[in-house]
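Engineer: Provided herewith: model06.pdb, PDB, C-alpha atoms and all ligand atoms.
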```pdb
ATOM      1  CA  MET N   1       9.969  61.937  22.511  1.00  0.00           C
ATOM      2  CA  PRO N   2      13.276  60.703  23.965  1.00  0.00           C
ATOM      3  CA  VAL N   3      13.098  57.082  22.846  1.00  0.00           C
ATOM      4  CA  SER N   4      16.093  55.042  21.747  1.00  0.00           C
ATOM      5  CA  SER N   5      16.312  54.283  18.048  1.00  0.00           C
ATOM      6  CA  SER N   6      15.596  50.559  18.444  1.00  0.00           C
ATOM      7  CA  LYS N   7      11.951  49.648  18.285  1.00  0.00           C
ATOM      8  CA  PRO N   8      10.172  49.034  21.591  1.00  0.00           C
ATOM      9  CA  TYR N   9       8.546  45.790  20.448  1.00  0.00           C
ATOM     10  CA  ARG N  10       9.183  42.366  18.981  1.00  0.00           C
ATOM     11  CA  VAL N  11       7.084  39.625  17.410  1.00  0.00           C
ATOM     12  CA  GLY N  12       6.702  36.658  19.733  1.00  0.00           C
ATOM     13  CA  ARG N  13       4.599  33.674  20.609  1.00  0.00           C
ATOM     14  CA  SER N  14       1.244  34.442  22.168  1.00  0.00           C
ATOM     15  CA  LYS N  15      -1.702  32.280  23.244  1.00  0.00           C
ATOM     16  CA  THR N  16      -3.330  32.514  19.847  1.00  0.00           C
ATOM     17  CA  GLY N  17      -0.261  32.236  17.625  1.00  0.00           C
ATOM     18  CA  LEU N  18       1.988  35.239  17.181  1.00  0.00           C
ATOM     19  CA  GLY N  19       1.702  38.595  18.858  1.00  0.00           C
ATOM     20  CA  LEU N  20       3.562  41.834  19.414  1.00  0.00           C
ATOM     21  CA  PHE N  21       5.323  42.303  22.756  1.00  0.00           C
ATOM     22  CA  ALA N  22       6.898  45.311  24.394  1.00  0.00           C
ATOM     23  CA  THR N  23      10.684  45.110  24.770  1.00  0.00           C
ATOM     24  CA  GLN N  24      10.973  48.487  26.507  1.00  0.00           C
ATOM     25  CA  PRO N  25       8.652  50.401  28.790  1.00  0.00           C
ATOM     26  CA  ILE N  26       6.074  52.126  26.578  1.00  0.00           C
ATOM     27  CA  LYS N  27       4.504  55.236  28.030  1.00  0.00           C
ATOM     28  CA  LYS N  28       0.767  55.787  28.024  1.00  0.00           C
ATOM     29  CA  GLY N  29      -0.186  58.004  25.070  1.00  0.00           C
ATOM     30  CA  SER N  30       2.920  57.304  23.023  1.00  0.00           C
ATOM     31  CA  LYS N  31       2.925  56.008  19.459  1.00  0.00           C
ATOM     32  CA  ILE N  32       3.947  52.360  19.191  1.00  0.00           C
ATOM     33  CA  ILE N  33       3.731  51.498  15.527  1.00  0.00           C
ATOM     34  CA  ARG N  34       1.933  52.436  12.339  1.00  0.00           C
ATOM     35  CA  TYR N  35      -0.583  50.070  10.771  1.00  0.00           C
ATOM     36  CA  PHE N  36      -0.099  50.346   7.047  1.00  0.00           C
ATOM     37  CA  GLY N  37      -0.521  48.713   3.675  1.00  0.00           C
ATOM     38  CA  PRO N  38      -1.930  49.389   0.212  1.00  0.00           C
ATOM     39  CA  MET N  39      -4.889  51.748   0.209  1.00  0.00           C
ATOM     40  CA  LEU N  40      -8.031  50.166  -1.180  1.00  0.00           C
ATOM     41  CA  ASP N  41     -10.671  52.289  -2.809  1.00  0.00           C
ATOM     42  CA  CYS N  42     -14.054  50.628  -2.463  1.00  0.00           C
ATOM     43  CA  ASN N  43     -15.253  52.505  -5.525  1.00  0.00           C
ATOM     44  CA  LYS N  44     -12.918  50.312  -7.576  1.00  0.00           C
ATOM     45  CA  LYS N  45     -14.291  46.846  -8.215  1.00  0.00           C
ATOM     46  CA  LYS N  46     -10.889  45.175  -7.886  1.00  0.00           C
ATOM     47  CA  ASP N  47     -10.147  46.848  -4.558  1.00  0.00           C
ATOM     48  CA  ASP N  48     -13.598  46.181  -3.206  1.00  0.00           C
ATOM     49  CA  ALA N  49     -13.175  42.477  -3.937  1.00  0.00           C
ATOM     50  CA  VAL N  50     -10.117  42.130  -1.650  1.00  0.00           C
ATOM     51  CA  GLU N  51     -10.982  39.980   1.358  1.00  0.00           C
ATOM     52  CA  ASN N  52      -8.712  39.168   4.297  1.00  0.00           C
ATOM     53  CA  LYS N  53      -8.537  39.469   8.062  1.00  0.00           C
ATOM     54  CA  TYR N  54      -6.235  42.485   7.997  1.00  0.00           C
ATOM     55  CA  LEU N  55      -8.477  45.012   6.297  1.00  0.00           C
ATOM     56  CA  PHE N  56      -8.707  48.187   8.315  1.00  0.00           C
ATOM     57  CA  GLN N  57     -11.434  50.535   7.213  1.00  0.00           C
ATOM     58  CA  ILE N  58     -10.534  54.200   7.560  1.00  0.00           C
ATOM     59  CA  THR N  59     -13.528  55.847   5.906  1.00  0.00           C
ATOM     60  CA  LYS N  60     -16.522  54.646   3.927  1.00  0.00           C
ATOM     61  CA  ARG N  61     -14.344  54.782   0.849  1.00  0.00           C
ATOM     62  CA  TRP N  62     -10.813  53.957   1.994  1.00  0.00           C
ATOM     63  CA  THR N  63      -9.527  50.761   3.579  1.00  0.00           C
ATOM     64  CA  VAL N  64      -5.961  49.799   4.411  1.00  0.00           C
ATOM     65  CA  ASP N  65      -4.956  46.293   3.389  1.00  0.00           C
ATOM     66  CA  GLY N  66      -2.675  45.407   6.275  1.00  0.00           C
ATOM     67  CA  SER N  67      -1.942  41.871   5.120  1.00  0.00           C
ATOM     68  CA  VAL N  68       1.449  42.854   3.659  1.00  0.00           C
ATOM     69  CA  ARG N  69       4.605  41.412   5.222  1.00  0.00           C
ATOM     70  CA  GLU N  70       6.114  44.786   6.105  1.00  0.00           C
ATOM     71  CA  ASN N  71       3.137  45.684   8.262  1.00  0.00           C
ATOM     72  CA  ILE N  72       4.432  44.387  11.605  1.00  0.00           C
ATOM     73  CA  ALA N  73       1.404  45.928  13.343  1.00  0.00           C
ATOM     74  CA  ARG N  74      -0.693  43.124  11.851  1.00  0.00           C
ATOM     75  CA  TYR N  75       0.752  40.858  14.560  1.00  0.00           C
ATOM     76  CA  ILE N  76      -0.996  42.832  17.267  1.00  0.00           C
ATOM     77  CA  ASN N  77      -3.838  40.747  18.671  1.00  0.00           C
ATOM     78  CA  HIS N  78      -7.257  41.896  19.741  1.00  0.00           C
ATOM     79  CA  ALA N  79      -8.192  42.381  23.365  1.00  0.00           C
ATOM     80  CA  CYS N  80     -11.473  43.538  24.871  1.00  0.00           C
ATOM     81  CA  LYS N  81      -9.578  45.429  27.595  1.00  0.00           C
ATOM     82  CA  PRO N  82      -6.497  46.473  25.644  1.00  0.00           C
ATOM     83  CA  ASN N  83      -3.405  48.490  26.533  1.00  0.00           C
ATOM     84  CA  ALA N  84      -3.326  50.276  23.173  1.00  0.00           C
ATOM     85  CA  GLU N  85      -5.731  51.767  20.650  1.00  0.00           C
ATOM     86  CA  SER N  86      -5.858  52.404  16.937  1.00  0.00           C
ATOM     87  CA  ASP N  87      -5.697  56.107  16.343  1.00  0.00           C
ATOM     88  CA  VAL N  88      -7.138  56.801  12.903  1.00  0.00           C
ATOM     89  CA  SER N  89      -6.605  59.975  10.991  1.00  0.00           C
ATOM     90  CA  ALA N  90      -9.183  59.872   8.200  1.00  0.00           C
ATOM     91  CA  ARG N  91      -7.780  63.016   6.625  1.00  0.00           C
ATOM     92  CA  LYS N  92      -4.236  61.652   6.448  1.00  0.00           C
ATOM     93  CA  ARG N  93      -5.482  58.091   5.883  1.00  0.00           C
ATOM     94  CA  LYS N  94      -3.128  56.978   8.585  1.00  0.00           C
ATOM     95  CA  ILE N  95      -3.491  54.475  11.419  1.00  0.00           C
ATOM     96  CA  ILE N  96      -1.261  54.756  14.463  1.00  0.00           C
ATOM     97  CA  ILE N  97      -1.302  52.212  17.274  1.00  0.00           C
ATOM     98  CA  ARG N  98      -0.932  54.180  20.476  1.00  0.00           C
ATOM     99  CA  ALA N  99      -0.492  53.068  24.088  1.00  0.00           C
ATOM    100  CA  ILE N 100      -3.444  53.868  26.355  1.00  0.00           C
ATOM    101  CA  LYS N 101      -1.669  52.420  29.394  1.00  0.00           C
ATOM    102  CA  ASN N 102       1.938  52.258  30.491  1.00  0.00           C
ATOM    103  CA  ILE N 103       3.169  48.989  29.023  1.00  0.00           C
ATOM    104  CA  GLU N 104       5.986  47.082  30.715  1.00  0.00           C
ATOM    105  CA  PRO N 105       8.609  45.109  28.783  1.00  0.00           C
ATOM    106  CA  GLY N 106       7.456  41.550  28.059  1.00  0.00           C
ATOM    107  CA  VAL N 107       3.772  42.481  28.051  1.00  0.00           C
ATOM    108  CA  GLU N 108       1.785  41.760  24.918  1.00  0.00           C
ATOM    109  CA  ILE N 109       0.491  44.807  23.077  1.00  0.00           C
ATOM    110  CA  ASN N 110      -3.136  44.700  21.974  1.00  0.00           C
ATOM    111  CA  TYR N 111      -5.995  46.890  20.902  1.00  0.00           C
ATOM    112  CA  ASP N 112      -9.722  46.514  20.421  1.00  0.00           C
ATOM    113  CA  TYR N 113     -10.454  45.497  16.812  1.00  0.00           C
ATOM    114  CA  GLY N 114     -13.981  46.858  17.059  1.00  0.00           C
ATOM    115  CA  THR N 115     -17.426  45.288  17.057  1.00  0.00           C
ATOM    116  CA  ASP N 116     -17.567  44.363  13.355  1.00  0.00           C
ATOM    117  CA  TYR N 117     -14.416  42.281  13.531  1.00  0.00           C
ATOM    118  CA  PHE N 118     -15.443  40.827  16.879  1.00  0.00           C
ATOM    119  CA  LYS N 119     -18.820  39.702  15.551  1.00  0.00           C
ATOM    120  CA  GLU N 120     -17.407  38.248  12.356  1.00  0.00           C
ATOM    121  CA  TYR N 121     -14.216  36.541  13.521  1.00  0.00           C
ATOM    122  CA  LEU N 122     -14.043  36.311  17.314  1.00  0.00           C
ATOM    123  CA  LYS N 123     -17.538  35.648  18.578  1.00  0.00           C
ATOM    124  CA  PRO N 124     -17.965  32.401  16.575  1.00  0.00           C
ATOM    125  CA  ILE N 125     -14.803  30.887  18.070  1.00  0.00           C
ATOM    126  CA  GLY N 126     -14.863  32.666  21.422  1.00  0.00           C
ATOM    127  CA  CYS N 127     -12.569  35.576  22.186  1.00  0.00           C
ATOM    128  CA  LYS N 128      -9.310  34.352  23.738  1.00  0.00           C
ATOM    129  CA  CYS N 129      -8.227  37.671  25.231  1.00  0.00           C
ATOM    130  CA  ASP N 130      -7.228  37.823  28.898  1.00  0.00           C
ATOM    131  CA  SER N 131     -10.383  39.527  30.133  1.00  0.00           C
ATOM    132  CA  CYS N 132     -12.665  37.077  28.277  1.00  0.00           C
ATOM    133  CA  GLU N 133     -10.651  34.098  29.558  1.00  0.00           C
ATOM    134  CA  LYS N 134     -10.915  35.489  33.065  1.00  0.00           C
ATOM    135  CA  LYS N 135     -14.657  35.943  32.659  1.00  0.00           C
ATOM    136  CA  ARG N 136     -15.025  32.359  31.424  1.00  0.00           C
ATOM    137  CA  LYS N 137     -12.930  31.046  34.320  1.00  0.00           C
ATOM    138  CA  LYS N 138     -15.028  32.994  36.805  1.00  0.00           C
ATOM    139  CA  LYS N 139     -18.235  31.692  35.259  1.00  0.00           C
ATOM    140  CA  ARG N 140     -16.959  28.114  35.364  1.00  0.00           C
ATOM    141  CA  ALA N 141     -15.934  28.511  39.019  1.00  0.00           C
ATOM    142  CA  GLU N 142     -19.333  30.008  39.871  1.00  0.00           C
ATOM    143  CA  ALA N 143     -21.165  27.198  38.087  1.00  0.00           C
ATOM    144  CA  LYS N 144     -19.077  24.642  39.954  1.00  0.00           C
ATOM    145  CA  ALA N 145     -19.720  26.344  43.295  1.00  0.00           C
ATOM    146  CA  GLU N 146     -23.451  26.462  42.542  1.00  0.00           C
ATOM    147  CA  LYS N 147     -23.448  22.748  41.673  1.00  0.00           C
ATOM    148  CA  LEU N 148     -21.660  21.903  44.918  1.00  0.00           C
ATOM    149  CA  LYS N 149     -24.101  24.063  46.833  1.00  0.00           C
ATOM    150  CA  LEU N 150     -27.088  22.261  45.275  1.00  0.00           C
ATOM    151  CA  LYS N 151     -25.486  18.885  45.962  1.00  0.00           C
ATOM    152  CA  ALA N 152     -24.891  19.794  49.604  1.00  0.00           C
ATOM    153  CA  LYS N 153     -28.477  21.004  49.867  1.00  0.00           C
ATOM    154  CA  ALA N 154     -29.817  17.747  48.400  1.00  0.00           C
ATOM    155  CA  GLU N 155     -27.654  15.686  50.738  1.00  0.00           C
ATOM    156  CA  LYS N 156     -28.848  17.705  53.706  1.00  0.00           C
ATOM    157  CA  LYS N 157     -32.444  17.093  52.681  1.00  0.00           C
ATOM    158  CA  VAL N 158     -31.890  13.344  52.421  1.00  0.00           C
ATOM    159  CA  LEU N 159     -30.213  13.324  55.812  1.00  0.00           C
ATOM    160  CA  LYS N 160     -33.055  15.317  57.347  1.00  0.00           C
ATOM    161  CA  GLN N 161     -35.634  12.924  55.913  1.00  0.00           C
ATOM    162  CA  ALA N 162     -33.696   9.944  57.179  1.00  0.00           C
ATOM    163  CA  GLU N 163     -33.546  11.513  60.624  1.00  0.00           C
ATOM    164  CA  LYS N 164     -37.271  12.226  60.567  1.00  0.00           C
ATOM    165  CA  LYS N 165     -37.991   8.624  59.656  1.00  0.00           C
ATOM    166  CA  LYS N 166     -35.732   7.403  62.423  1.00  0.00           C
ATOM    167  CA  LEU N 167     -37.465   9.689  64.874  1.00  0.00           C
ATOM    168  CA  LEU N 168     -40.913   8.448  63.790  1.00  0.00           C
ATOM    169  CA  ASN N 169     -39.861   4.799  64.009  1.00  0.00           C
ATOM    170  CA  GLY N 170     -38.414   5.472  67.414  1.00  0.00           C
ATOM    171  CA  HIS N 171     -41.729   6.933  68.568  1.00  0.00           C
ATOM    172  CA  ALA N 172     -43.665   4.027  67.145  1.00  0.00           C
ATOM    173  CA  SER N 173     -41.579   1.377  68.880  1.00  0.00           C
ATOM    174  CA  LYS N 174     -41.791   3.345  72.083  1.00  0.00           C
ATOM    175  CA  ALA N 175     -45.599   3.586  71.937  1.00  0.00           C
ATOM    176  CA  LYS N 176     -46.307  -0.163  71.725  1.00  0.00           C
ATOM    177  CA  ALA N 177     -44.418  -3.362  71.215  1.00  0.00           C
ATOM    178  CA  ALA N 178     -44.344  -2.643  67.511  1.00  0.00           C
ATOM    179  CA  PRO N 179     -47.412  -4.385  66.161  1.00  0.00           C
ATOM    180  CA  LYS N 180     -47.510  -2.026  63.210  1.00  0.00           C
ATOM    181  CA  PRO N 181     -44.218  -3.040  61.594  1.00  0.00           C
ATOM    182  CA  LYS N 182     -45.328  -6.684  61.705  1.00  0.00           C
ATOM    183  CA  ALA N 183     -48.550  -5.883  59.897  1.00  0.00           C
ATOM    184  CA  ALA N 184     -46.600  -3.909  57.350  1.00  0.00           C
ATOM    185  CA  ALA N 185     -44.265  -6.846  56.851  1.00  0.00           C
ATOM    186  CA  LYS N 186     -47.179  -9.179  56.255  1.00  0.00           C
ATOM    187  CA  LYS N 187     -48.672  -6.813  53.780  1.00  0.00           C
ATOM    188  CA  THR N 188     -45.474  -6.503  51.795  1.00  0.00           C
ATOM    189  CA  SER N 189     -44.950 -10.237  51.700  1.00  0.00           C
ATOM    190  CA  ALA N 190     -48.493 -10.619  50.463  1.00  0.00           C
ATOM    191  CA  THR N 191     -47.950  -8.196  47.648  1.00  0.00           C
ATOM    192  CA  THR N 192     -44.717  -9.909  46.692  1.00  0.00           C
ATOM    193  CA  LYS N 193     -46.551 -13.208  46.591  1.00  0.00           C
ATOM    194  CA  GLY N 194     -49.210 -11.646  44.415  1.00  0.00           C
ATOM    195  CA  ARG N 195     -46.593 -10.321  42.090  1.00  0.00           C
ATOM    196  CA  LYS N 196     -44.826 -13.637  41.940  1.00  0.00           C
ATOM    197  CA  ALA N 197     -48.042 -15.443  41.143  1.00  0.00           C
ATOM    198  CA  LYS N 198     -48.753 -12.966  38.420  1.00  0.00           C
ATOM    199  CA  SER N 199     -45.336 -13.389  36.845  1.00  0.00           C
ATOM    200  CA  VAL N 200     -45.725 -17.154  36.954  1.00  0.00           C
ATOM    201  CA  LYS N 201     -49.058 -16.800  35.222  1.00  0.00           C
ATOM    202  CA  ALA N 202     -47.477 -14.556  32.654  1.00  0.00           C
ATOM    203  CA  GLN N 203     -44.799 -17.124  32.038  1.00  0.00           C
ATOM    204  CA  ALA N 204     -47.387 -19.844  31.678  1.00  0.00           C
ATOM    205  CA  ALA N 205     -49.231 -17.731  29.163  1.00  0.00           C
ATOM    206  CA  ALA N 206     -46.009 -17.282  27.222  1.00  0.00           C
TER     207      ALA N 206
HETATM  208 ZN    ZN D   1     -12.134  39.388  24.686  1.00  0.00          ZN
END
```
Using structure tokens, write down the structure from this file.
Ligand SMILES: [Zn+2]

Structural biologist:
Amino acid sequence: MPVSSSKPYRVGRSKTGLGLFATQPIKKGSKIIRYFGPMLDCNKKKDDAVENKYLFQITKRWTVDGSVRENIARYINHACKPNAESDVSARKRKIIIRAIKNIEPGVEINYDYGTDYFKEYLKPIGCKCDSCEKKRKKKRAEAKAEKLKLKAKAEKKVLKQAEKKKLLNGHASKAKAAPKPKAAAKKTSATTKGRKAKSVKAQAAA
């Protein structure tokens, strides 16, 4: 592969802390970096007890502890729609991060950490990858649009009812010289009086 000797990536600031970014165009299918560290044998009690976020299981028995400083690949963040993948050779006990898309300089490199990691570490806090953020944004926008739609609908209904009332009142006043509204007014004043009397009584009782 005709690639210059300098590495095609650098560690840089990403949304979630640090990340690995392309510094040169990386061709789809090409190896980017190896993910490495001490090999842990789960049949050994001491090895099996190791617990950190950088454990990469290769087989049922062997796990790479990628938490060591030299393992620059540990900076690569997870993405649900990544531009790279982890290519695992169980026989060689080797993990290679490989591009699955052409990656332009400046673009963050990421791969899918897999469902176990996602469930344990990402789901509880919400995945911050680009595609999940986009999904959340879309959902928020849709919810907002739906709310506005419902509001507009409710306002329309109120307006319609008001118009209906107006129309009815208009008909009533047209039919006769409005004797009905007067009666209604009397009635309401009577009920208010009744209420007032009651409250006075209540006060007296107190
Ligand atoms: Zn995601």

Engineer: Fewer than 3 positions away in the same chain doesn't count, so skip those; otherwise give me all residues within 10 Å of segment 7-10 of chain N, counting only C-alpha atoms, as a ChimeraX atom specification.

Structural biologist: /N:3-4,13,19-26,32-33,72,75,105-109

Engineer: For those residues, write C-alpha atoms to a file as a short mmCIF file (atom, residue, chain, number, x, y, z; two decimals), in the frame of the given file.

Structural biologist:
```cif
data_model
loop_
_atom_site.label_atom_id
_atom_site.label_comp_id
_atom_site.auth_asym_id
_atom_site.auth_seq_id
_atom_site.Cartn_x
_atom_site.Cartn_y
_atom_site.Cartn_z
CA VAL N 3 13.10 57.08 22.85
CA SER N 4 16.09 55.04 21.75
CA ARG N 13 4.60 33.67 20.61
CA GLY N 19 1.70 38.60 18.86
CA LEU N 20 3.56 41.83 19.41
CA PHE N 21 5.32 42.30 22.76
CA ALA N 22 6.90 45.31 24.39
CA THR N 23 10.68 45.11 24.77
CA GLN N 24 10.97 48.49 26.51
CA PRO N 25 8.65 50.40 28.79
CA ILE N 26 6.07 52.13 26.58
CA ILE N 32 3.95 52.36 19.19
CA ILE N 33 3.73 51.50 15.53
CA ILE N 72 4.43 44.39 11.60
CA TYR N 75 0.75 40.86 14.56
CA PRO N 105 8.61 45.11 28.78
CA GLY N 106 7.46 41.55 28.06
CA VAL N 107 3.77 42.48 28.05
CA GLU N 108 1.78 41.76 24.92
CA ILE N 109 0.49 44.81 23.08
#
```

Engineer: What does the structure give for the distance between atom CA of Lys46 of chain N and atom CA of Val68 of chain N, in Å to one decimal?

Structural biologist: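 Separating atom CA of Lys46 of chain N from atom CA of Val68 of chain N is a distance of 17.1 Å.
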
Engineer: Evaluate the PyMOL selection byres (((not hetatm)) within 9 of (chain D and resi 1)) against this structure - the residues, as a PyMOL selection string, please.

Structural biologist: chain N and resi 78-81+112+118+122-123+126-133

Engineer: Can you turn the PyMOL selection byres (((chain N and resi 113) around 12) and not hetatm) into a concrete residue list for this file, as a PyMOL selection string?

Structural biologist: chain N and resi 53-57+74+76-82+84-87+97+110-112+114-122+127+129

Engineer: Mind dumping the selected residues with C-alpha atoms as a PDB file, in the frame of the given file?

Structural biologist:
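What ended up in again29.pdb:
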```
ATOM      1  CA  LYS N  53      -8.537  39.469   8.062  1.00  0.00           C
ATOM      2  CA  TYR N  54      -6.235  42.485   7.997  1.00  0.00           C
ATOM      3  CA  LEU N  55      -8.477  45.012   6.297  1.00  0.00           C
ATOM      4  CA  PHE N  56      -8.707  48.187   8.315  1.00  0.00           C
ATOM      5  CA  GLN N  57     -11.434  50.535   7.213  1.00  0.00           C
ATOM      6  CA  ARG N  74      -0.693  43.124  11.851  1.00  0.00           C
ATOM      7  CA  ILE N  76      -0.996  42.832  17.267  1.00  0.00           C
ATOM      8  CA  ASN N  77      -3.838  40.747  18.671  1.00  0.00           C
ATOM      9  CA  HIS N  78      -7.257  41.896  19.741  1.00  0.00           C
ATOM     10  CA  ALA N  79      -8.192  42.381  23.365  1.00  0.00           C
ATOM     11  CA  CYS N  80     -11.473  43.538  24.871  1.00  0.00           C
ATOM     12  CA  LYS N  81      -9.578  45.429  27.595  1.00  0.00           C
ATOM     13  CA  PRO N  82      -6.497  46.473  25.644  1.00  0.00           C
ATOM     14  CA  ALA N  84      -3.326  50.276  23.173  1.00  0.00           C
ATOM     15  CA  GLU N  85      -5.731  51.767  20.650  1.00  0.00           C
ATOM     16  CA  SER N  86      -5.858  52.404  16.937  1.00  0.00           C
ATOM     17  CA  ASP N  87      -5.697  56.107  16.343  1.00  0.00           C
ATOM     18  CA  ILE N  97      -1.302  52.212  17.274  1.00  0.00           C
ATOM     19  CA  ASN N 110      -3.136  44.700  21.974  1.00  0.00           C
ATOM     20  CA  TYR N 111      -5.995  46.890  20.902  1.00  0.00           C
ATOM     21  CA  ASP N 112      -9.722  46.514  20.421  1.00  0.00           C
ATOM     22  CA  GLY N 114     -13.981  46.858  17.059  1.00  0.00           C
ATOM     23  CA  THR N 115     -17.426  45.288  17.057  1.00  0.00           C
ATOM     24  CA  ASP N 116     -17.567  44.363  13.355  1.00  0.00           C
ATOM     25  CA  TYR N 117     -14.416  42.281  13.531  1.00  0.00           C
ATOM     26  CA  PHE N 118     -15.443  40.827  16.879  1.00  0.00           C
ATOM     27  CA  LYS N 119     -18.820  39.702  15.551  1.00  0.00           C
ATOM     28  CA  GLU N 120     -17.407  38.248  12.356  1.00  0.00           C
ATOM     29  CA  TYR N 121     -14.216  36.541  13.521  1.00  0.00           C
ATOM     30  CA  LEU N 122     -14.043  36.311  17.314  1.00  0.00           C
ATOM     31  CA  CYS N 127     -12.569  35.576  22.186  1.00  0.00           C
ATOM     32  CA  CYS N 129      -8.227  37.671  25.231  1.00  0.00           C
TER      33      CYS N 129
END
```

Engineer: Would you compute the distance between atom CA of Ser89 of chain N and atom CA of Val64 of chain N? Give it in Å to one decimal.

Structural biologist: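 Separation of atom CA of Ser89 of chain N and atom CA of Val64 of chain N: 12.1 Å.
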
Engineer: For the point (6.5, 45.9, 6.3) in the file's frame, write as a count of residues only all residues with an atom no more than 12 Å away, counting all atoms listed in the file.

Structural biologist: 17

Engineer: When you draw a straight line from atom CA of Val11 of chain N to atom CA of Lys94 of chain N, how long is it in Å?

Structural biologist: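 One can read the atom CA of Val11 of chain N to atom CA of Lys94 of chain N distance as 22.0 Å.
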
Engineer: Padding 4 Å on each side, edges along x, y and z: where is the centre of the box around the listed atoms of segment 89-107 of chain N, and how long are its edges in Å to one decimal? Output it as AutoDock Vina command-line options.

Structural biologist:
```
--center_x -0.3 --center_y 52.3 --center_z 18.3 --size_x 25.8 --size_y 29.5 --size_z 32.8
```

Engineer: Which is closer to Asn83 of chain N than all the others in N:Lys147, N:Lys138, N:Lys28, N:Glu51, using all atoms listed in the file?

Structural biologist: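 Smallest separation from Asn83 of chain N among the options: N:Lys28.
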
Engineer: For the file shown, report as a PyMOL selection string the outcome of the PyMOL selection byres (((chain N and resi 29) around 6) and not hetatm) at residue level.

Structural biologist: chain N and resi 28+30+99-100
